[in-house]
>>> print(open('upload.txt').read())   # compact mmCIF, C-alpha atoms
# COMPACT_ATOMS: atom_id res chain seq x y z
CA MET A 1 104.15 53.14 63.40
CA SER A 2 104.60 49.52 64.48
CA PHE A 3 104.33 48.43 68.11
CA LYS A 4 108.11 47.86 68.35
CA ALA A 5 108.81 51.27 66.81
CA ARG A 6 106.49 52.88 69.39
CA GLN A 7 108.51 51.25 72.16
CA TYR A 8 111.75 52.70 70.80
CA TRP A 9 110.04 56.06 70.37
CA ALA A 10 108.95 55.93 74.02
CA LEU A 11 112.60 55.48 75.05
CA THR A 12 113.35 58.98 73.76
CA LYS A 13 110.88 60.63 76.18
CA PRO A 14 109.41 62.68 73.29
CA ARG A 15 107.66 65.30 75.46
CA VAL A 16 110.77 66.07 77.48
CA VAL A 17 112.99 66.06 74.40
CA ALA A 18 110.54 68.37 72.60
CA LEU A 19 110.97 70.95 75.37
CA ILE A 20 114.75 70.55 75.15
CA ALA A 21 114.65 71.01 71.38
CA PHE A 22 112.42 74.07 71.74
CA THR A 23 114.83 75.86 74.09
CA ALA A 24 117.75 74.92 71.82
CA ILE A 25 115.96 76.43 68.80
CA ILE A 26 115.26 79.62 70.74
CA GLY A 27 118.97 79.76 71.59
CA MET A 28 119.81 79.54 67.89
CA LEU A 29 117.33 82.25 66.92
CA MET A 30 118.45 84.56 69.73
CA ALA A 31 122.11 84.22 68.74
CA VAL A 32 121.89 86.20 65.49
CA PRO A 33 120.04 89.35 64.34
CA GLY A 34 117.99 87.61 61.64
CA LEU A 35 117.62 83.96 60.75
CA PRO A 36 120.57 81.68 61.59
CA PRO A 37 122.57 79.99 58.82
CA LEU A 38 120.52 77.06 57.55
CA VAL A 39 122.98 74.14 57.62
CA PRO A 40 124.39 74.58 61.16
CA ALA A 41 120.90 75.41 62.47
CA LEU A 42 119.32 72.24 61.03
CA ALA A 43 122.32 70.09 61.95
CA GLY A 44 122.41 71.59 65.42
CA MET A 45 118.72 70.93 65.95
CA LEU A 46 119.08 67.32 64.74
CA GLY A 47 122.27 66.66 66.71
CA ILE A 48 120.92 68.09 69.96
CA TRP A 49 117.67 66.13 69.54
CA LEU A 50 119.60 62.90 68.92
CA ALA A 51 121.82 63.49 71.95
CA ALA A 52 118.83 64.24 74.19
CA SER A 53 117.10 61.09 72.92
CA SER A 54 120.24 59.06 73.61
CA ALA A 55 120.41 60.42 77.16
CA ALA A 56 116.73 59.59 77.67
CA ALA A 57 117.28 56.01 76.51
CA ILE A 58 120.27 55.61 78.86
CA ASN A 59 118.04 56.96 81.64
CA HIS A 60 115.55 54.17 80.88
CA LEU A 61 118.36 51.62 80.97
CA ILE A 62 119.86 52.74 84.29
CA ASP A 63 116.49 53.30 85.99
CA GLN A 64 114.77 50.08 84.89
CA ARG A 65 114.95 48.49 88.36
CA ILE A 66 113.31 51.44 90.09
CA ASP A 67 110.87 51.97 87.21
CA VAL A 68 109.32 48.59 88.01
CA VAL A 69 108.12 49.75 91.44
CA MET A 70 106.93 53.22 90.41
CA ALA A 71 103.38 53.56 89.13
CA ARG A 72 104.39 56.43 86.83
CA THR A 73 107.06 54.38 85.05
CA ALA A 74 106.04 50.71 85.32
CA HIS A 75 104.60 50.79 81.79
CA ARG A 76 107.90 51.83 80.19
CA PRO A 77 109.42 49.48 77.57
CA LEU A 78 112.05 47.88 79.83
CA PRO A 79 110.08 47.23 83.05
CA SER A 80 107.11 46.03 81.00
CA GLY A 81 109.33 43.55 79.13
CA GLN A 82 108.69 45.00 75.66
CA LEU A 83 112.41 45.61 75.04
CA ARG A 84 115.64 44.01 76.31
CA SER A 85 118.48 45.90 77.95
CA SER A 86 120.84 45.02 75.09
CA GLN A 87 118.42 46.52 72.56
CA VAL A 88 118.13 49.75 74.52
CA LEU A 89 121.91 50.00 74.96
CA VAL A 90 122.56 49.61 71.22
CA PHE A 91 119.79 52.12 70.44
CA ALA A 92 121.18 54.69 72.90
CA LEU A 93 124.78 54.32 71.70
CA ALA A 94 123.71 54.58 68.05
CA LEU A 95 121.78 57.79 68.71
CA GLY A 96 124.68 59.26 70.68
CA ALA A 97 127.27 58.39 68.02
CA LEU A 98 125.07 59.77 65.23
CA SER A 99 124.55 62.96 67.24
CA MET A 100 128.29 63.54 67.59
CA LEU A 101 128.87 62.82 63.90
CA VAL A 102 126.22 65.31 62.80
CA LEU A 103 127.46 68.03 65.15
CA VAL A 104 131.15 67.63 64.28
CA LEU A 105 130.55 67.54 60.53
CA TRP A 106 127.93 70.26 60.14
CA THR A 107 128.13 72.57 63.18
CA ASN A 108 131.42 72.82 65.09
CA VAL A 109 133.55 70.87 67.53
CA LEU A 110 132.63 73.09 70.49
CA THR A 111 128.94 72.25 70.07
CA ALA A 112 129.76 68.54 69.91
CA VAL A 113 131.93 68.71 73.06
CA LEU A 114 129.34 70.66 75.05
CA THR A 115 126.52 68.39 73.86
CA PHE A 116 128.49 65.28 74.81
CA ALA A 117 129.20 66.77 78.24
CA SER A 118 125.49 67.45 78.70
CA LEU A 119 124.62 63.90 77.63
CA ILE A 120 127.06 62.44 80.16
CA GLY A 121 125.90 64.93 82.79
CA TYR A 122 122.29 63.81 82.55
CA ALA A 123 122.63 60.13 81.66
CA VAL A 124 125.52 59.23 83.97
CA VAL A 125 126.22 61.93 86.57
CA TYR A 126 122.57 62.68 87.37
CA THR A 127 120.79 59.39 86.63
CA ALA A 128 123.42 56.93 87.86
CA TRP A 129 124.82 58.93 90.78
CA LEU A 130 123.16 62.17 91.93
CA LYS A 131 119.60 60.87 91.69
CA ARG A 132 120.40 58.24 94.32
CA ALA A 133 122.97 60.21 96.31
CA THR A 134 121.37 63.45 97.51
CA PRO A 135 117.96 65.16 97.84
CA GLN A 136 119.57 68.12 96.02
CA ASN A 137 119.97 65.87 92.96
CA ILE A 138 117.75 67.94 90.69
CA VAL A 139 119.51 71.19 91.64
CA ILE A 140 123.00 69.89 90.84
CA GLY A 141 121.91 67.75 87.92
CA GLY A 142 119.82 70.57 86.48
CA ALA A 143 122.90 71.94 84.73
CA ALA A 144 122.63 69.27 82.04
CA GLY A 145 118.98 70.05 81.41
CA ALA A 146 119.72 73.78 81.23
CA ALA A 147 122.36 73.40 78.52
CA PRO A 148 120.21 73.19 75.31
CA PRO A 149 119.80 76.96 74.69
CA VAL A 150 123.58 77.32 75.04
CA LEU A 151 124.10 74.41 72.65
CA GLY A 152 121.76 75.99 70.13
CA TRP A 153 123.55 79.32 70.44
CA VAL A 154 126.99 77.77 69.97
CA ALA A 155 125.80 75.64 67.05
CA VAL A 156 125.14 78.72 64.89
CA THR A 157 127.88 81.05 66.20
CA GLY A 158 130.72 78.73 67.21
CA GLU A 159 131.28 80.58 70.49
CA LEU A 160 129.90 81.00 73.98
CA HIS A 161 128.30 84.31 74.84
CA PRO A 162 127.15 85.82 78.16
CA HIS A 163 123.59 86.09 76.82
CA ALA A 164 123.59 82.35 76.13
CA LEU A 165 124.64 81.80 79.72
CA LEU A 166 121.66 83.92 80.85
CA LEU A 167 119.37 81.49 79.03
CA PHE A 168 121.16 78.65 80.80
CA LEU A 169 120.66 80.35 84.17
CA ILE A 170 116.92 80.79 83.60
CA VAL A 171 116.40 77.09 82.83
CA PHE A 172 118.73 76.07 85.67
CA VAL A 173 116.74 78.02 88.28
CA TRP A 174 113.42 76.94 86.74
CA THR A 175 114.24 73.23 87.07
CA PRO A 176 113.90 72.76 90.88
CA PRO A 177 110.39 74.23 91.31
CA HIS A 178 109.31 72.46 88.12
CA PHE A 179 110.54 69.04 89.20
CA TRP A 180 109.83 69.30 92.93
CA ALA A 181 106.16 69.98 92.18
CA LEU A 182 106.08 66.62 90.40
CA ALA A 183 108.08 64.99 93.21
CA ILE A 184 105.53 66.19 95.79
CA PHE A 185 102.73 64.49 93.88
CA ARG A 186 104.78 61.33 93.19
CA ARG A 187 106.55 61.13 96.57
CA ASP A 188 105.13 57.69 97.40
CA ASP A 189 106.58 56.34 94.16
CA TYR A 190 110.01 57.73 94.99
CA ALA A 191 109.80 56.40 98.53
CA ARG A 192 109.04 52.87 97.23
CA ALA A 193 111.98 53.13 94.85
CA MET A 194 114.20 54.46 97.69
CA ILE A 195 115.13 57.56 95.71
CA PRO A 196 116.00 60.43 98.08
CA MET A 197 113.87 63.14 96.50
CA LEU A 198 113.37 66.17 98.73
CA PRO A 199 109.74 65.45 99.75
CA VAL A 200 110.79 61.91 100.74
CA THR A 201 113.81 62.91 102.83
CA HIS A 202 112.63 66.24 104.27
CA GLY A 203 108.85 66.17 103.95
CA VAL A 204 106.28 67.95 101.80
CA THR A 205 106.17 71.21 103.76
CA TYR A 206 109.93 71.66 103.51
CA THR A 207 109.75 71.01 99.76
CA ARG A 208 106.93 73.51 99.31
CA TRP A 209 109.09 76.19 100.92
CA HIS A 210 111.88 75.31 98.50
CA VAL A 211 109.49 75.58 95.55
CA LEU A 212 108.47 79.03 96.77
CA PHE A 213 112.09 80.14 97.29
CA TYR A 214 113.21 79.01 93.84
CA THR A 215 110.16 80.58 92.21
CA LEU A 216 111.07 83.92 93.81
CA LEU A 217 114.66 83.45 92.65
CA LEU A 218 113.39 82.62 89.16
CA LEU A 219 111.38 85.84 89.09
CA VAL A 220 114.57 87.77 89.85
CA VAL A 221 116.71 85.84 87.35
CA THR A 222 114.20 86.40 84.53
CA MET A 223 114.68 90.14 84.94
CA LEU A 224 118.35 89.82 83.94
CA PRO A 225 117.78 89.76 80.15
CA TRP A 226 116.08 93.16 80.46
CA LEU A 227 118.57 94.54 82.98
CA THR A 228 121.53 93.58 80.79
CA GLY A 229 120.00 94.96 77.59
CA MET A 230 119.54 91.54 76.02
CA SER A 231 115.75 92.11 75.82
CA GLY A 232 113.35 95.01 75.96
CA LEU A 233 110.05 96.03 77.51
CA PHE A 234 107.94 93.49 75.62
CA TYR A 235 109.87 90.64 77.20
CA LEU A 236 109.88 92.36 80.59
CA GLY A 237 106.08 92.63 80.62
CA GLY A 238 105.66 89.00 79.62
CA ALA A 239 108.21 87.80 82.20
CA LEU A 240 106.51 89.74 84.99
CA VAL A 241 103.06 88.38 84.16
CA LEU A 242 104.26 84.79 83.72
CA GLY A 243 106.41 85.01 86.86
CA GLY A 244 103.57 86.55 88.86
CA VAL A 245 101.30 83.64 87.97
CA PHE A 246 104.04 81.12 88.82
CA LEU A 247 104.57 82.86 92.17
CA TRP A 248 100.82 82.69 92.87
CA TYR A 249 100.88 78.96 92.18
CA ALA A 250 103.90 78.51 94.49
CA ILE A 251 102.18 80.44 97.30
CA ARG A 252 98.95 78.48 96.79
CA LEU A 253 100.97 75.26 96.92
CA MET A 254 101.83 76.06 100.56
CA ASN A 255 98.18 75.29 101.42
CA PRO A 256 96.84 73.55 98.32
CA PRO A 257 93.14 72.91 97.70
CA SER A 258 93.87 69.28 96.79
CA GLU A 259 96.66 66.74 96.45
CA ARG A 260 96.37 67.15 92.68
CA PHE A 261 97.34 70.82 92.87
CA ALA A 262 101.06 69.97 92.76
CA MET A 263 100.52 68.53 89.27
CA ILE A 264 98.74 71.72 88.23
CA VAL A 265 101.85 73.65 89.32
CA PHE A 266 104.06 71.18 87.42
CA ASN A 267 102.01 71.54 84.24
CA TYR A 268 101.99 75.33 84.49
CA SER A 269 105.78 75.35 84.87
CA ILE A 270 106.10 73.77 81.41
CA VAL A 271 103.76 76.33 79.86
CA TYR A 272 105.66 79.05 81.72
CA LEU A 273 109.06 78.12 80.28
CA MET A 274 107.78 77.81 76.72
CA ALA A 275 105.92 81.13 76.93
CA LEU A 276 108.89 82.89 78.54
CA PHE A 277 111.24 81.79 75.76
CA ALA A 278 108.62 82.76 73.18
CA PHE A 279 108.53 86.26 74.69
CA LEU A 280 112.33 86.38 74.47
CA LEU A 281 112.24 85.51 70.78
CA VAL A 282 109.43 87.90 69.83
CA ASP A 283 111.16 90.70 71.72
CA HIS A 284 114.41 89.84 69.91
CA TRP A 285 112.69 90.32 66.54
CA LEU A 286 110.73 93.45 67.43
CA PRO A 287 112.13 96.73 66.09
CA PRO A 288 113.69 98.93 68.81
CA LEU A 289 111.23 101.27 70.49
CA GLY A 290 111.80 104.96 69.82
>>> encode(input="upload.txt", output="structure tokens")
Amino acid sequence: MSFKARQYWALTKPRVVALIAFTAIIGMLMAVPGLPPLVPALAGMLGIWLAASSAAAINHLIDQRIDVVMARTAHRPLPSGQLRSSQVLVFALALGALSMLVLVLWTNVLTAVLTFASLIGYAVVYTAWLKRATPQNIVIGGAAGAAPPVLGWVAVTGELHPHALLLFLIVFVWTPPHFWALAIFRRDDYARAMIPMLPVTHGVTYTRWHVLFYTLLLLVVTMLPWLTGMSGLFYLGGALVLGGVFLWYAIRLMNPPSERFAMIVFNYSIVYLMALFAFLLVDHWLPPLG
């Protein structure tokens, strides 16, 4: 891969988009008893990935001025001068248009509409407005990031389903403790960029309490697939273990052994979500007990 290609690849935030694609794929696989139909599944996966990559590139474009002053983002293609704004805009629009084309032609219109709404929700509503408007930005804006399992579900079925909305709810409640752990560690960066993240506006202790509260809420919400009959005992056991560990991390974060501990919590939250969705899928494919 050439240097220029690597810069464009970096615009797509590949690690974040990979997690988005993973939850979308789980949504597809959970939507049907066996394997989903091949064409809408592949087209859905490609279209959702393209839309998420487009949103990530627009995020780079809108945030380039604050990225310059943040140590975590100063190396990105725009603040480092490796790409021009016009190049990023064309790249983002091309990815977004291709995403809509793929979804309309090979999945269904509902998937395309919901995916477009999610793209606008993240790239415009969250990045351009909420991120700078309120310390609750990640709570409100988390709806866009929680959409992929619903998009995957709709891509292969053509309809919304309450179980798909349960997957949405899990990711939605997971997002605040996940992101606020990072914000605690990077609070000086956000303060320099004048972004009103919760640890900047209300302090670290206040944010730690919020992480703990949302982790407890997440533990409750992850019981819903079992309580509603969507999943069985295999999932329940995995969710309790994973949630118990997450809760331990959140409690430990109240009096952490080091400043770096917030990043340990952040990294575990990623492992947690992937493992939780893996438990959902394995449980979905297991034969009924008894």
>>> residues_around(input="upload.txt", residues="segment 227-231 of chain A", least_positions_apart="4", cutoff="12 Å", atoms="all atoms listed in the file", output="PyMOL selection string")
chain A and resi 30-31+33+161-167+220-223+235-239+276-277+279-289
>>> write_last_selection(input="upload.txt", atoms="C-alpha atoms", output="JSON list (two decimals), in the coordinates of the input")
[["chain", "number", "residue", "atom", "x", "y", "z"],
["A", 30, "MET", "CA", 118.45, 84.56, 69.73],
["A", 31, "ALA", "CA", 122.11, 84.22, 68.74],
["A", 33, "PRO", "CA", 120.04, 89.35, 64.34],
["A", 161, "HIS", "CA", 128.30, 84.31, 74.84],
["A", 162, "PRO", "CA", 127.15, 85.82, 78.16],
["A", 163, "HIS", "CA", 123.59, 86.09, 76.82],
["A", 164, "ALA", "CA", 123.59, 82.35, 76.13],
["A", 165, "LEU", "CA", 124.64, 81.80, 79.72],
["A", 166, "LEU", "CA", 121.66, 83.92, 80.85],
["A", 167, "LEU", "CA", 119.37, 81.49, 79.03],
["A", 220, "VAL", "CA", 114.57, 87.77, 89.85],
["A", 221, "VAL", "CA", 116.71, 85.84, 87.35],
["A", 222, "THR", "CA", 114.20, 86.40, 84.53],
["A", 223, "MET", "CA", 114.68, 90.14, 84.94],
["A", 235, "TYR", "CA", 109.87, 90.64, 77.20],
["A", 236, "LEU", "CA", 109.88, 92.36, 80.59],
["A", 237, "GLY", "CA", 106.08, 92.63, 80.62],
["A", 238, "GLY", "CA", 105.66, 89.00, 79.62],
["A", 239, "ALA", "CA", 108.21, 87.80, 82.20],
["A", 276, "LEU", "CA", 108.89, 82.89, 78.54],
["A", 277, "PHE", "CA", 111.24, 81.79, 75.76],
["A", 279, "PHE", "CA", 108.53, 86.26, 74.69],
["A", 280, "LEU", "CA", 112.33, 86.38, 74.47],
["A", 281, "LEU", "CA", 112.24, 85.51, 70.78],
["A", 282, "VAL", "CA", 109.43, 87.90, 69.83],
["A", 283, "ASP", "CA", 111.16, 90.70, 71.72],
["A", 284, "HIS", "CA", 114.41, 89.84, 69.91],
["A", 285, "TRP", "CA", 112.69, 90.32, 66.54],
["A", 286, "LEU", "CA", 110.73, 93.45, 67.43],
["A", 287, "PRO", "CA", 112.13, 96.73, 66.09],
["A", 288, "PRO", "CA", 113.69, 98.93, 68.81],
["A", 289, "LEU", "CA", 111.23, 101.27, 70.49]]
>>> atom_distance(input="upload.txt", atom1="atom CA of Thr207 of chain A", atom2="atom CA of Ala24 of chain A")
29.3 Å
>>> closest_atom_pairs(input="upload.txt", of="segment 197-289 of chain A", to="segment 168-185 of chain A", cutoff="10 Å", atoms="only C-alpha atoms", output="JSON lines")
{"residue": "A:Met197", "atom": "CA", "partner": "A:Ala183", "partner_atom": "CA", "distance": 6.9}
{"residue": "A:Leu198", "atom": "CA", "partner": "A:Trp180", "partner_atom": "CA", "distance": 7.5}
{"residue": "A:Pro199", "atom": "CA", "partner": "A:Ile184", "partner_atom": "CA", "distance": 5.8}
{"residue": "A:Val200", "atom": "CA", "partner": "A:Ile184", "partner_atom": "CA", "distance": 8.4}
{"residue": "A:Gly203", "atom": "CA", "partner": "A:Ile184", "partner_atom": "CA", "distance": 8.8}
{"residue": "A:Val204", "atom": "CA", "partner": "A:Ile184", "partner_atom": "CA", "distance": 6.3}
{"residue": "A:Thr205", "atom": "CA", "partner": "A:Ile184", "partner_atom": "CA", "distance": 9.4}
{"residue": "A:Thr207", "atom": "CA", "partner": "A:Trp180", "partner_atom": "CA", "distance": 7.0}
{"residue": "A:Arg208", "atom": "CA", "partner": "A:Ala181", "partner_atom": "CA", "distance": 8.0}
{"residue": "A:Trp209", "atom": "CA", "partner": "A:Pro177", "partner_atom": "CA", "distance": 9.9}
{"residue": "A:His210", "atom": "CA", "partner": "A:Pro177", "partner_atom": "CA", "distance": 7.4}
{"residue": "A:Val211", "atom": "CA", "partner": "A:Pro177", "partner_atom": "CA", "distance": 4.5}
{"residue": "A:Leu212", "atom": "CA", "partner": "A:Pro177", "partner_atom": "CA", "distance": 7.5}
{"residue": "A:Phe213", "atom": "CA", "partner": "A:Pro177", "partner_atom": "CA", "distance": 8.6}
{"residue": "A:Tyr214", "atom": "CA", "partner": "A:Pro177", "partner_atom": "CA", "distance": 6.1}
{"residue": "A:Thr215", "atom": "CA", "partner": "A:Pro177", "partner_atom": "CA", "distance": 6.4}
{"residue": "A:Leu216", "atom": "CA", "partner": "A:Val173", "partner_atom": "CA", "distance": 9.9}
{"residue": "A:Leu217", "atom": "CA", "partner": "A:Val173", "partner_atom": "CA", "distance": 7.3}
{"residue": "A:Leu218", "atom": "CA", "partner": "A:Val173", "partner_atom": "CA", "distance": 5.8}
{"residue": "A:Leu219", "atom": "CA", "partner": "A:Ile170", "partner_atom": "CA", "distance": 9.3}
{"residue": "A:Val220", "atom": "CA", "partner": "A:Ile170", "partner_atom": "CA", "distance": 9.7}
{"residue": "A:Val221", "atom": "CA", "partner": "A:Ile170", "partner_atom": "CA", "distance": 6.3}
{"residue": "A:Thr222", "atom": "CA", "partner": "A:Ile170", "partner_atom": "CA", "distance": 6.3}
{"residue": "A:Met223", "atom": "CA", "partner": "A:Ile170", "partner_atom": "CA", "distance": 9.7}
{"residue": "A:Leu224", "atom": "CA", "partner": "A:Ile170", "partner_atom": "CA", "distance": 9.1}
{"residue": "A:Pro225", "atom": "CA", "partner": "A:Ile170", "partner_atom": "CA", "distance": 9.6}
{"residue": "A:Phe246", "atom": "CA", "partner": "A:Pro177", "partner_atom": "CA", "distance": 9.7}
{"residue": "A:Ala250", "atom": "CA", "partner": "A:Pro177", "partner_atom": "CA", "distance": 8.4}
{"residue": "A:Leu253", "atom": "CA", "partner": "A:Ala181", "partner_atom": "CA", "distance": 8.8}
{"residue": "A:Glu259", "atom": "CA", "partner": "A:Phe185", "partner_atom": "CA", "distance": 7.0}
{"residue": "A:Arg260", "atom": "CA", "partner": "A:Phe185", "partner_atom": "CA", "distance": 7.0}
{"residue": "A:Phe261", "atom": "CA", "partner": "A:Phe185", "partner_atom": "CA", "distance": 8.4}
{"residue": "A:Ala262", "atom": "CA", "partner": "A:Ala181", "partner_atom": "CA", "distance": 5.1}
{"residue": "A:Met263", "atom": "CA", "partner": "A:Leu182", "partner_atom": "CA", "distance": 6.0}
{"residue": "A:Ile264", "atom": "CA", "partner": "A:Ala181", "partner_atom": "CA", "distance": 8.6}
{"residue": "A:Val265", "atom": "CA", "partner": "A:Ala181", "partner_atom": "CA", "distance": 6.3}
{"residue": "A:Phe266", "atom": "CA", "partner": "A:Ala181", "partner_atom": "CA", "distance": 5.3}
{"residue": "A:Asn267", "atom": "CA", "partner": "A:His178", "partner_atom": "CA", "distance": 8.3}
{"residue": "A:Tyr268", "atom": "CA", "partner": "A:His178", "partner_atom": "CA", "distance": 8.7}
{"residue": "A:Ser269", "atom": "CA", "partner": "A:His178", "partner_atom": "CA", "distance": 5.6}
{"residue": "A:Ile270", "atom": "CA", "partner": "A:His178", "partner_atom": "CA", "distance": 7.6}
{"residue": "A:Tyr272", "atom": "CA", "partner": "A:Trp174", "partner_atom": "CA", "distance": 9.5}
{"residue": "A:Leu273", "atom": "CA", "partner": "A:Val171", "partner_atom": "CA", "distance": 7.8}
{"residue": "A:Leu276", "atom": "CA", "partner": "A:Ile170", "partner_atom": "CA", "distance": 9.7}
{"residue": "A:Phe277", "atom": "CA", "partner": "A:Ile170", "partner_atom": "CA", "distance": 9.7}
>>> closest_residue(input="upload.txt", among="A:Val69, A:Leu50, A:Ile138, A:Ala123", to="Met194 of chain A", atoms="all atoms listed in the file")
A:Val69
>>> closest_residue(input="upload.txt", among="A:Pro14, A:Pro135, A:Gly44, A:Gly244", to="Trp153 of chain A", atoms="all atoms listed in the file")
A:Gly44
>>> residues_around(input="upload.txt", residues="Val39 of chain A", least_positions_apart="4", cutoff="12 Å", atoms="all atoms listed in the file", output="mmCIF file with C-alpha atoms, in the coordinates of the input")
data_model
loop_
_atom_site.group_PDB
_atom_site.id
_atom_site.type_symbol
_atom_site.label_atom_id
_atom_site.label_comp_id
_atom_site.auth_asym_id
_atom_site.auth_seq_id
_atom_site.Cartn_x
_atom_site.Cartn_y
_atom_site.Cartn_z
ATOM 1 C CA LEU A 35 117.620 83.960 60.750
ATOM 2 C CA ALA A 43 122.320 70.090 61.950
ATOM 3 C CA GLY A 44 122.410 71.590 65.420
ATOM 4 C CA MET A 45 118.720 70.930 65.950
ATOM 5 C CA LEU A 46 119.080 67.320 64.740
ATOM 6 C CA GLY A 47 122.270 66.660 66.710
ATOM 7 C CA VAL A 102 126.220 65.310 62.800
ATOM 8 C CA LEU A 103 127.460 68.030 65.150
ATOM 9 C CA LEU A 105 130.550 67.540 60.530
ATOM 10 C CA TRP A 106 127.930 70.260 60.140
ATOM 11 C CA THR A 107 128.130 72.570 63.180
ATOM 12 C CA ASN A 108 131.420 72.820 65.090
ATOM 13 C CA ALA A 155 125.800 75.640 67.050
ATOM 14 C CA VAL A 156 125.140 78.720 64.890
#
>>> axis_aligned_box(input="upload.txt", around="segment 141-145 of chain A", padding_each_side="5 Å", output="AutoDock Vina command-line options")
--center_x 120.9 --center_y 69.8 --center_z 84.7 --size_x 13.9 --size_y 14.2 --size_z 16.5
>>> residues_around(input="upload.txt", residues="segment 189-193 of chain A", least_positions_apart="6", cutoff="10 Å", atoms="all atoms listed in the file", output="PDB file with C-alpha atoms, in the coordinates of the input")
ATOM      1  CA  ASP A  63     116.490  53.300  85.990  1.00  0.00           C
ATOM      2  CA  ARG A  65     114.950  48.490  88.360  1.00  0.00           C
ATOM      3  CA  ILE A  66     113.310  51.440  90.090  1.00  0.00           C
ATOM      4  CA  ASP A  67     110.870  51.970  87.210  1.00  0.00           C
ATOM      5  CA  VAL A  68     109.320  48.590  88.010  1.00  0.00           C
ATOM      6  CA  VAL A  69     108.120  49.750  91.440  1.00  0.00           C
ATOM      7  CA  MET A  70     106.930  53.220  90.410  1.00  0.00           C
ATOM      8  CA  ALA A  71     103.380  53.560  89.130  1.00  0.00           C
ATOM      9  CA  ARG A  72     104.390  56.430  86.830  1.00  0.00           C
ATOM     10  CA  THR A  73     107.060  54.380  85.050  1.00  0.00           C
ATOM     11  CA  ARG A 132     120.400  58.240  94.320  1.00  0.00           C
ATOM     12  CA  ALA A 183     108.080  64.990  93.210  1.00  0.00           C
ATOM     13  CA  PRO A 199     109.740  65.450  99.750  1.00  0.00           C
ATOM     14  CA  VAL A 200     110.790  61.910 100.740  1.00  0.00           C
ATOM     15  CA  THR A 201     113.810  62.910 102.830  1.00  0.00           C
TER      16      THR A 201
END
>>> atom_distance(input="upload.txt", atom1="atom CA of Leu98 of chain A", atom2="atom CA of Ala51 of chain A")
8.3 Å
>>> atom_distance(input="upload.txt", atom1="atom CA of Ile26 of chain A", atom2="atom CA of Thr115 of chain A")
16.2 Å
>>> closest_residue(input="upload.txt", among="A:Val109, A:Ala41, A:Leu83, A:Met254", to="Gly27 of chain A", atoms="only C-alpha atoms")
A:Ala41
>>> residues_near_point(input="upload.txt", point="(123.4, 71.0, 74.0)", cutoff="12 Å", atoms="only C-alpha atoms", output="ChimeraX atom specification")
/A:17,20-25,27-28,44-53,55,99-100,103,107,110-122,143-155,160,164,168
>>> residues_around(input="upload.txt", residues="Leu93 of chain A", least_positions_apart="4", cutoff="8 Å", atoms="only C-alpha atoms", output="compact mmCIF listing (two decimals) with C-alpha atoms, in the frame of the given file")
# COMPACT_ATOMS: atom_id res chain seq x y z
CA SER A 54 120.24 59.06 73.61
CA LEU A 89 121.91 50.00 74.96
CA ALA A 97 127.27 58.39 68.02
